[in-house]
$ cat start.cif   # mmCIF, C-alpha atoms
data_query
loop_
_atom_site.label_atom_id
_atom_site.label_comp_id
_atom_site.auth_asym_id
_atom_site.auth_seq_id
_atom_site.Cartn_x
_atom_site.Cartn_y
_atom_site.Cartn_z
CA MET A 1 -11.27 41.14 3.72
CA ASP A 2 -14.79 40.55 5.04
CA SER A 3 -14.70 37.32 7.11
CA SER A 4 -18.12 36.42 5.69
CA ALA A 5 -16.44 36.08 2.28
CA ALA A 6 -13.92 33.55 3.58
CA LEU A 7 -13.99 30.15 1.86
CA PRO A 8 -15.87 27.66 4.09
CA VAL A 9 -13.67 24.59 4.54
CA MET A 10 -14.30 21.47 6.60
CA ILE A 11 -11.20 19.57 7.75
CA MET A 12 -11.67 16.03 9.08
CA ALA A 13 -9.26 13.93 11.15
CA ASN A 14 -9.36 10.87 13.38
CA SER A 15 -8.55 13.05 16.40
CA LEU A 16 -6.02 15.67 17.49
CA HIS A 17 -4.21 13.24 19.76
CA HIS A 18 -0.60 12.06 19.22
CA GLY A 19 0.15 11.09 15.62
CA GLY A 20 1.49 12.35 12.31
CA ALA A 21 -1.86 13.02 10.61
CA GLU A 22 -3.09 14.69 13.78
CA ARG A 23 -0.01 16.93 13.96
CA PHE A 24 -0.46 17.77 10.27
CA THR A 25 -4.08 18.80 10.91
CA SER A 26 -3.12 21.01 13.86
CA ARG A 27 -0.34 22.77 11.92
CA LEU A 28 -2.46 23.24 8.82
CA ILE A 29 -5.35 24.84 10.70
CA SER A 30 -3.00 27.04 12.75
CA GLY A 31 -1.33 28.27 9.55
CA LEU A 32 -4.49 29.19 7.62
CA ASP A 33 -5.53 32.84 7.35
CA PRO A 34 -8.99 33.10 9.02
CA GLU A 35 -9.86 36.02 6.73
CA MET A 36 -9.31 33.81 3.69
CA VAL A 37 -10.52 30.45 5.00
CA SER A 38 -13.30 29.74 7.48
CA VAL A 39 -12.40 26.36 9.02
CA ARG A 40 -14.61 23.86 10.80
CA LEU A 41 -12.84 20.85 12.31
CA VAL A 42 -14.60 17.48 12.41
CA LEU A 43 -13.09 14.64 14.47
CA LEU A 44 -14.04 10.99 14.55
CA ARG A 45 -13.02 10.80 18.23
CA ASP A 46 -13.08 13.39 21.00
CA GLU A 47 -9.34 13.44 21.66
CA ILE A 48 -7.47 16.76 21.46
CA SER A 49 -3.93 17.35 22.67
CA TYR A 50 -2.35 19.28 19.78
CA PRO A 51 -2.89 23.06 19.76
CA LEU A 52 -5.88 24.52 17.94
CA PRO A 53 -7.00 28.14 17.44
CA GLU A 54 -9.81 28.95 19.88
CA ALA A 55 -12.05 30.38 17.15
CA VAL A 56 -12.18 27.08 15.22
CA PRO A 57 -15.44 25.18 15.88
CA VAL A 58 -15.05 21.46 16.55
CA GLU A 59 -17.60 18.72 15.80
CA ILE A 60 -17.32 15.13 17.07
CA LEU A 61 -18.80 12.22 15.10
CA GLY A 62 -18.29 9.55 17.77
CA TYR A 63 -16.66 6.99 15.43
CA GLN A 64 -14.54 4.36 17.20
CA SER A 65 -14.80 1.38 14.85
CA PHE A 66 -16.52 0.22 11.67
CA LYS A 67 -19.74 -0.53 13.59
CA ASP A 68 -20.11 3.20 14.24
CA LEU A 69 -20.09 4.00 10.51
CA PRO A 70 -23.89 4.48 10.11
CA LYS A 71 -23.98 6.92 13.04
CA ALA A 72 -20.96 8.83 11.71
CA ILE A 73 -22.47 9.07 8.20
CA TYR A 74 -25.76 10.38 9.60
CA ARG A 75 -24.03 13.04 11.72
CA LEU A 76 -21.67 14.09 8.93
CA ARG A 77 -24.53 14.33 6.44
CA ARG A 78 -26.37 16.68 8.82
CA LEU A 79 -23.19 18.77 9.19
CA PHE A 80 -22.78 19.07 5.43
CA ASN A 81 -26.40 20.18 5.04
CA ARG A 82 -26.16 22.66 7.92
CA CYS A 83 -22.72 24.17 7.20
CA SER A 84 -22.51 23.87 3.38
CA PRO A 85 -18.69 23.76 3.13
CA ALA A 86 -17.16 24.49 -0.27
CA VAL A 87 -14.33 22.02 0.37
CA VAL A 88 -13.88 19.04 2.66
CA LEU A 89 -10.36 17.79 3.37
CA GLY A 90 -10.04 14.29 4.81
CA THR A 91 -6.78 13.25 6.48
CA GLY A 92 -6.27 9.49 6.50
CA SER A 93 -7.95 6.38 5.17
CA ALA A 94 -10.54 5.92 7.96
CA VAL A 95 -11.68 9.54 7.68
CA ASN A 96 -11.91 9.37 3.90
CA THR A 97 -13.93 6.18 4.15
CA VAL A 98 -16.55 8.04 6.22
CA ILE A 99 -16.47 11.00 3.81
CA GLY A 100 -16.89 8.77 0.77
CA PHE A 101 -19.92 6.97 2.19
CA THR A 102 -21.50 10.29 3.18
CA LEU A 103 -20.94 12.20 -0.05
CA LYS A 104 -22.54 9.39 -2.02
CA THR A 105 -25.83 10.24 -0.25
CA LEU A 106 -25.73 13.99 -1.06
CA SER A 107 -27.25 15.59 -4.13
CA CYS A 108 -25.17 18.76 -3.70
CA ARG A 109 -21.73 18.04 -2.32
CA PRO A 110 -18.51 19.97 -1.60
CA ALA A 111 -15.23 19.44 -3.40
CA TRP A 112 -13.40 16.56 -1.72
CA VAL A 113 -9.64 16.47 -1.17
CA ALA A 114 -8.56 13.07 0.17
CA ARG A 115 -5.18 13.23 1.90
CA MET A 116 -3.71 9.73 2.07
CA ASP A 117 -0.86 8.90 4.43
CA THR A 118 -0.83 5.08 4.40
CA ASN A 119 0.45 2.69 1.74
CA PRO A 120 -2.66 1.16 0.11
CA PHE A 121 -0.87 -2.18 -0.32
CA ARG A 122 -0.69 -2.83 3.43
CA ARG A 123 -2.17 -6.28 4.04
CA ASP A 124 -3.93 -5.27 7.25
CA LEU A 125 -5.94 -2.64 5.34
CA MET A 126 -7.63 -5.06 2.93
CA LEU A 127 -11.23 -4.29 3.98
CA ARG A 128 -10.64 -0.54 4.08
CA ARG A 129 -8.83 -0.74 0.74
CA ILE A 130 -11.84 -2.43 -0.87
CA VAL A 131 -14.15 0.27 0.50
CA LEU A 132 -11.86 3.12 -0.55
CA ARG A 133 -11.47 1.77 -4.07
CA ARG A 134 -15.23 2.13 -4.43
CA TRP A 135 -15.55 5.65 -2.99
CA LEU A 136 -12.31 7.41 -3.95
CA PRO A 137 -13.49 8.02 -7.55
CA LEU A 138 -15.72 10.69 -5.97
CA ALA A 139 -12.67 12.60 -4.70
CA ASP A 140 -11.65 15.68 -6.68
CA ALA A 141 -8.01 15.35 -5.62
CA LEU A 142 -5.85 12.82 -3.79
CA VAL A 143 -2.84 14.09 -1.87
CA ALA A 144 0.14 11.96 -0.83
CA ASN A 145 2.69 13.21 1.70
CA SER A 146 5.67 11.59 -0.04
CA LYS A 147 6.75 10.70 -3.57
CA GLY A 148 6.87 7.01 -2.66
CA LEU A 149 3.27 7.08 -1.46
CA LYS A 150 2.18 8.96 -4.57
CA ASP A 151 3.76 6.26 -6.74
CA ALA A 152 1.99 3.56 -4.69
CA LEU A 153 -1.37 5.32 -5.09
CA VAL A 154 -0.85 5.61 -8.85
CA ARG A 155 -0.15 1.86 -9.07
CA TRP A 156 -3.17 1.09 -6.88
CA TYR A 157 -5.56 3.52 -8.61
CA PRO A 158 -4.19 4.21 -12.12
CA LYS A 159 -7.45 5.73 -13.41
CA ALA A 160 -6.99 8.58 -10.90
CA ARG A 161 -3.41 9.32 -11.94
CA HIS A 162 -4.35 12.87 -12.97
CA LYS A 163 -5.88 13.54 -9.54
CA ILE A 164 -2.94 12.36 -7.41
CA HIS A 165 -0.53 15.00 -6.11
CA CYS A 166 2.45 14.97 -3.74
CA ILE A 167 2.40 17.71 -1.09
CA TYR A 168 4.83 17.31 1.80
CA ASN A 169 3.73 17.90 5.38
CA PRO A 170 4.11 21.48 6.65
CA VAL A 171 7.09 22.05 8.94
CA ASP A 172 7.70 25.07 11.17
CA PHE A 173 11.51 25.07 11.18
CA SER A 174 11.86 28.11 13.46
CA ARG A 175 9.70 26.37 16.06
CA LEU A 176 11.72 23.15 15.73
CA ASP A 177 14.97 25.08 16.15
CA GLY A 178 13.59 26.56 19.37
CA GLN A 179 12.49 23.16 20.69
CA ALA A 180 15.84 21.61 19.75
CA GLY A 181 17.58 24.27 21.83
CA GLU A 182 15.63 23.45 25.00
CA PRO A 183 17.27 21.34 27.75
CA ALA A 184 16.91 17.63 27.02
CA ASP A 185 15.15 15.42 29.56
CA TRP A 186 17.18 12.36 28.48
CA SER A 187 20.87 11.81 27.87
CA PRO A 188 22.81 8.75 26.64
CA ALA A 189 24.66 6.72 29.22
CA GLY A 190 27.48 5.48 26.98
CA ASP A 191 30.02 7.14 24.74
CA GLY A 192 29.21 5.32 21.48
CA PRO A 193 27.11 6.65 18.59
CA LEU A 194 23.46 7.38 19.43
CA LEU A 195 20.64 6.52 17.03
CA VAL A 196 17.21 8.10 17.67
CA THR A 197 13.83 7.24 16.18
CA VAL A 198 10.50 8.89 17.00
CA GLY A 199 7.04 7.52 16.28
CA ARG A 200 4.30 5.14 17.31
CA ALA A 201 5.20 1.60 18.35
CA SER A 202 3.08 -0.24 15.78
CA HIS A 203 3.78 -2.72 12.98
CA VAL A 204 3.53 -0.07 10.26
CA LYS A 205 6.57 1.76 11.69
CA GLY A 206 8.82 -1.31 11.41
CA TRP A 207 10.55 -0.78 14.75
CA GLU A 208 11.06 -4.53 15.17
CA PHE A 209 13.21 -4.56 12.03
CA LEU A 210 15.25 -1.60 13.27
CA LEU A 211 15.89 -3.52 16.49
CA GLU A 212 17.15 -6.54 14.54
CA VAL A 213 19.46 -4.40 12.39
CA PHE A 214 20.77 -2.62 15.49
CA ALA A 215 21.57 -5.98 17.10
CA GLN A 216 23.83 -6.73 14.10
CA LEU A 217 25.42 -3.27 14.28
CA VAL A 218 26.54 -3.55 17.91
CA THR A 219 28.41 -6.79 17.25
CA SER A 220 31.05 -4.67 15.52
CA LYS A 221 30.53 -1.15 16.95
CA PRO A 222 29.27 -0.06 20.39
CA ALA A 223 26.20 2.14 20.02
CA GLU A 224 22.92 3.13 21.69
CA LEU A 225 19.41 3.20 20.26
CA LEU A 226 16.58 5.41 21.54
CA PHE A 227 12.93 4.71 20.73
CA CYS A 228 10.80 7.81 21.50
CA GLY A 229 7.08 7.07 21.54
CA ASP A 230 4.29 4.90 22.88
CA GLY A 231 2.08 2.37 21.14
CA PRO A 232 0.62 -1.12 21.19
CA LEU A 233 3.94 -2.88 20.47
CA LEU A 234 6.01 -1.10 23.11
CA GLY A 235 5.88 -3.96 25.62
CA GLU A 236 6.71 -6.49 22.92
CA LEU A 237 9.69 -4.43 21.75
CA LYS A 238 11.02 -4.10 25.29
CA GLU A 239 10.77 -7.86 25.77
CA LYS A 240 12.49 -8.48 22.43
CA ALA A 241 15.35 -6.13 23.41
CA ARG A 242 15.68 -8.01 26.71
CA GLN A 243 15.80 -11.39 24.97
CA MET A 244 18.48 -10.05 22.64
CA LYS A 245 20.44 -8.86 25.69
CA LEU A 246 20.33 -5.25 24.51
CA GLN A 247 18.79 -3.69 27.65
CA SER A 248 21.86 -1.54 28.31
CA ARG A 249 21.97 -0.26 24.73
CA VAL A 250 18.30 0.16 23.75
CA HIS A 251 16.17 2.73 25.58
CA PHE A 252 12.41 3.30 25.66
CA PRO A 253 11.68 6.61 27.41
CA GLY A 254 8.09 6.67 26.04
CA HIS A 255 6.27 9.65 24.56
CA ARG A 256 8.06 12.98 24.72
CA ASP A 257 6.26 16.27 24.17
CA ASN A 258 9.54 17.65 22.86
CA PRO A 259 11.69 14.90 21.33
CA PHE A 260 13.54 17.55 19.31
CA SER A 261 15.59 18.50 22.37
CA ILE A 262 17.18 15.04 22.18
CA PHE A 263 18.03 15.25 18.48
CA PRO A 264 21.22 17.35 18.86
CA GLN A 265 22.74 14.45 20.86
CA ALA A 266 22.08 11.96 18.06
CA ASP A 267 24.73 10.81 15.61
#
$ encode --input "start.cif" --output "structure tokens"
Amino acid sequence: MDSSAALPVMIMANSLHHGGAERFTSRLISGLDPEMVSVRLVLLRDEISYPLPEAVPVEILGYQSFKDLPKAIYRLRRLFNRCSPAVVLGTGSAVNTVIGFTLKTLSCRPAWVARMDTNPFRRDLMLRRIVLRRWLPLADALVANSKGLKDALVRWYPKARHKIHCIYNPVDFSRLDGQAGEPADWSPAGDGPLLVTVGRASHVKGWEFLLEVFAQLVTSKPAELLFCGDGPLLGELKEKARQMKLQSRVHFPGHRDNPFSIFPQAD
């Protein structure tokens, strides 16, 4: 197929640093056929640690917070006019907020697929939720990465019920099998059951509740709990584990490039 006939698609993400939406973006772009789809990646922030095909052009909008919105809209509008994508895919609520504001200013706009990965009923997203409720009617499709999130979006935005779809995140199982077979850089110290969780130490992940439940578990059964990941609440979680006298049973090894090597040890 002539590469010039490939469908021009713009994919937007916060960054390609550590995170679920960022990993999704990296895997999606790596899995697309360049003869079928011509991809341009647009990032709010210049942070790239996940792999990306060398041929994919990258644009940076320089968006760090809501005060940068006018600058990001101006830069994105110029990109749309210069590149004329047929489709724009936004991954996440912040990205789709920028897209919504920008598309409203265009007379000729691309099809917009808004991938949502956060429950719209989160209290800390009230301002963003108000903004999104105004702009999301412009989206041609809304994609949730779980059935539960799709149901939440339908309750939040019932008029768009026909636009909301559930598409699970792509997973490369052969790659995960290979990573799981690599030597682990952490091993449990005890002989009780091991529980492992991987993610970002933030309120949305609910790690503080897992810690409280684990504290109840170990009163009747010796066990160990491993938190893999970094984040703003990591120090607070460590202090909470210390206050609960769980230092010997709860472990915080931080971010791991390959947490899958630890999984085979988990119960």
$ closest_residue --input "start.cif" --among "A:Pro137, A:Gly92, A:Pro53, A:Gly178" --to "Glu22 in chain A" --atoms "all atoms listed in the file"
A:Gly92
$ resolve_selection --input "start.cif" --expression "the PyMOL selection byres ((chain A and resi 44) around 6)" --output "list in words"
Asn14, Leu43, Arg45, Ile60, Leu61, Gly62 and Tyr63 of chain A
$ residues_around --input "start.cif" --residues "range 252-262 of chain A" --least-positions-apart "5" --cutoff "9 Å" --atoms "only C-alpha atoms" --output "list of chain:residue names"
A:Leu176, A:Asp177, A:Gly178, A:Gln179, A:Ala180, A:Gly181, A:Glu182, A:Pro183, A:Ala184, A:Asp185, A:Trp186, A:Ser187, A:Val196, A:Val198, A:Gly199, A:Arg200, A:Leu225, A:Leu226, A:Phe227, A:Cys228, A:Gly229, A:Asp230, A:Gly231, A:Leu234, A:Lys238
$ write_last_selection --input "start.cif" --atoms "C-alpha atoms" --output "CSV table (one decimal), in the frame of the given file"
chain,number,residue,atom,x,y,z
A,176,LEU,CA,11.7,23.2,15.7
A,177,ASP,CA,15.0,25.1,16.2
A,178,GLY,CA,13.6,26.6,19.4
A,179,GLN,CA,12.5,23.2,20.7
A,180,ALA,CA,15.8,21.6,19.8
A,181,GLY,CA,17.6,24.3,21.8
A,182,GLU,CA,15.6,23.4,25.0
A,183,PRO,CA,17.3,21.3,27.8
A,184,ALA,CA,16.9,17.6,27.0
A,185,ASP,CA,15.2,15.4,29.6
A,186,TRP,CA,17.2,12.4,28.5
A,187,SER,CA,20.9,11.8,27.9
A,196,VAL,CA,17.2,8.1,17.7
A,198,VAL,CA,10.5,8.9,17.0
A,199,GLY,CA,7.0,7.5,16.3
A,200,ARG,CA,4.3,5.1,17.3
A,225,LEU,CA,19.4,3.2,20.3
A,226,LEU,CA,16.6,5.4,21.5
A,227,PHE,CA,12.9,4.7,20.7
A,228,CYS,CA,10.8,7.8,21.5
A,229,GLY,CA,7.1,7.1,21.5
A,230,ASP,CA,4.3,4.9,22.9
A,231,GLY,CA,2.1,2.4,21.1
A,234,LEU,CA,6.0,-1.1,23.1
A,238,LYS,CA,11.0,-4.1,25.3
$ closest_residue --input "start.cif" --among "A:Ala266, A:Leu142, A:Ile73, A:Ala5" --to "Pro193 in chain A" --atoms "only C-alpha atoms"
A:Ala266
$ atom_distance --input "start.cif" --atom1 "CA of Val143 in chain A" --atom2 "CA of Leu89 in chain A"
9.9 Å
$ residues_around --input "start.cif" --residues "Leu103 in chain A" --least-positions-apart "6" --cutoff "12 Å" --atoms "all atoms listed in the file" --output "MDAnalysis selection string"
chainID A and resid 73:74 76:81 87:88 96:97 109:112 135:140
$ residues_around --input "start.cif" --residues "range 144-157 of chain A" --least-positions-apart "5" --cutoff "12 Å" --atoms "only C-alpha atoms" --output "PyMOL selection string"
chain A and resi 20-21+24+90-93+113-122+129-130+132-137+162-170
$ resolve_selection --input "start.cif" --expression "the PyMOL selection byres ((chain A and resi 66) around 12)" --output "ChimeraX atom specification"
/A:44,62-65,67-73,94-95,97-98,127-128,131
$ closest_residue --input "start.cif" --among "A:Asp172, A:Gly100, A:Leu52, A:Leu237" --to "Gly206 in chain A" --atoms "only C-alpha atoms"
A:Leu237
$ closest_residue --input "start.cif" --among "A:Asp191, A:Lys205, A:Arg249, A:Val9" --to "Thr219 in chain A" --atoms "all atoms listed in the file"
A:Arg249
$ atom_distance --input "start.cif" --atom1 "CA of Glu47 in chain A" --atom2 "CA of His17 in chain A"
5.5 Å
$ residues_near_point --input "start.cif" --point "(-12.9, 30.7, 18.8)" --cutoff "12 Å" --atoms "all atoms listed in the file" --output "PyMOL selection string"
chain A and resi 34+38-41+52-58
$ atom_distance --input "start.cif" --atom1 "CA of Gly192 in chain A" --atom2 "CA of His251 in chain A"
13.9 Å
$ closest_residue --input "start.cif" --among "A:Leu210, A:Ala223, A:Leu28, A:Val42" --to "Cys83 in chain A" --atoms "all atoms listed in the file"
A:Val42
$ residues_around --input "start.cif" --residues "Glu212 in chain A" --least-positions-apart "6" --cutoff "10 Å" --atoms "only C-alpha atoms" --output "number ranges by chain"
A: 240-241, 244
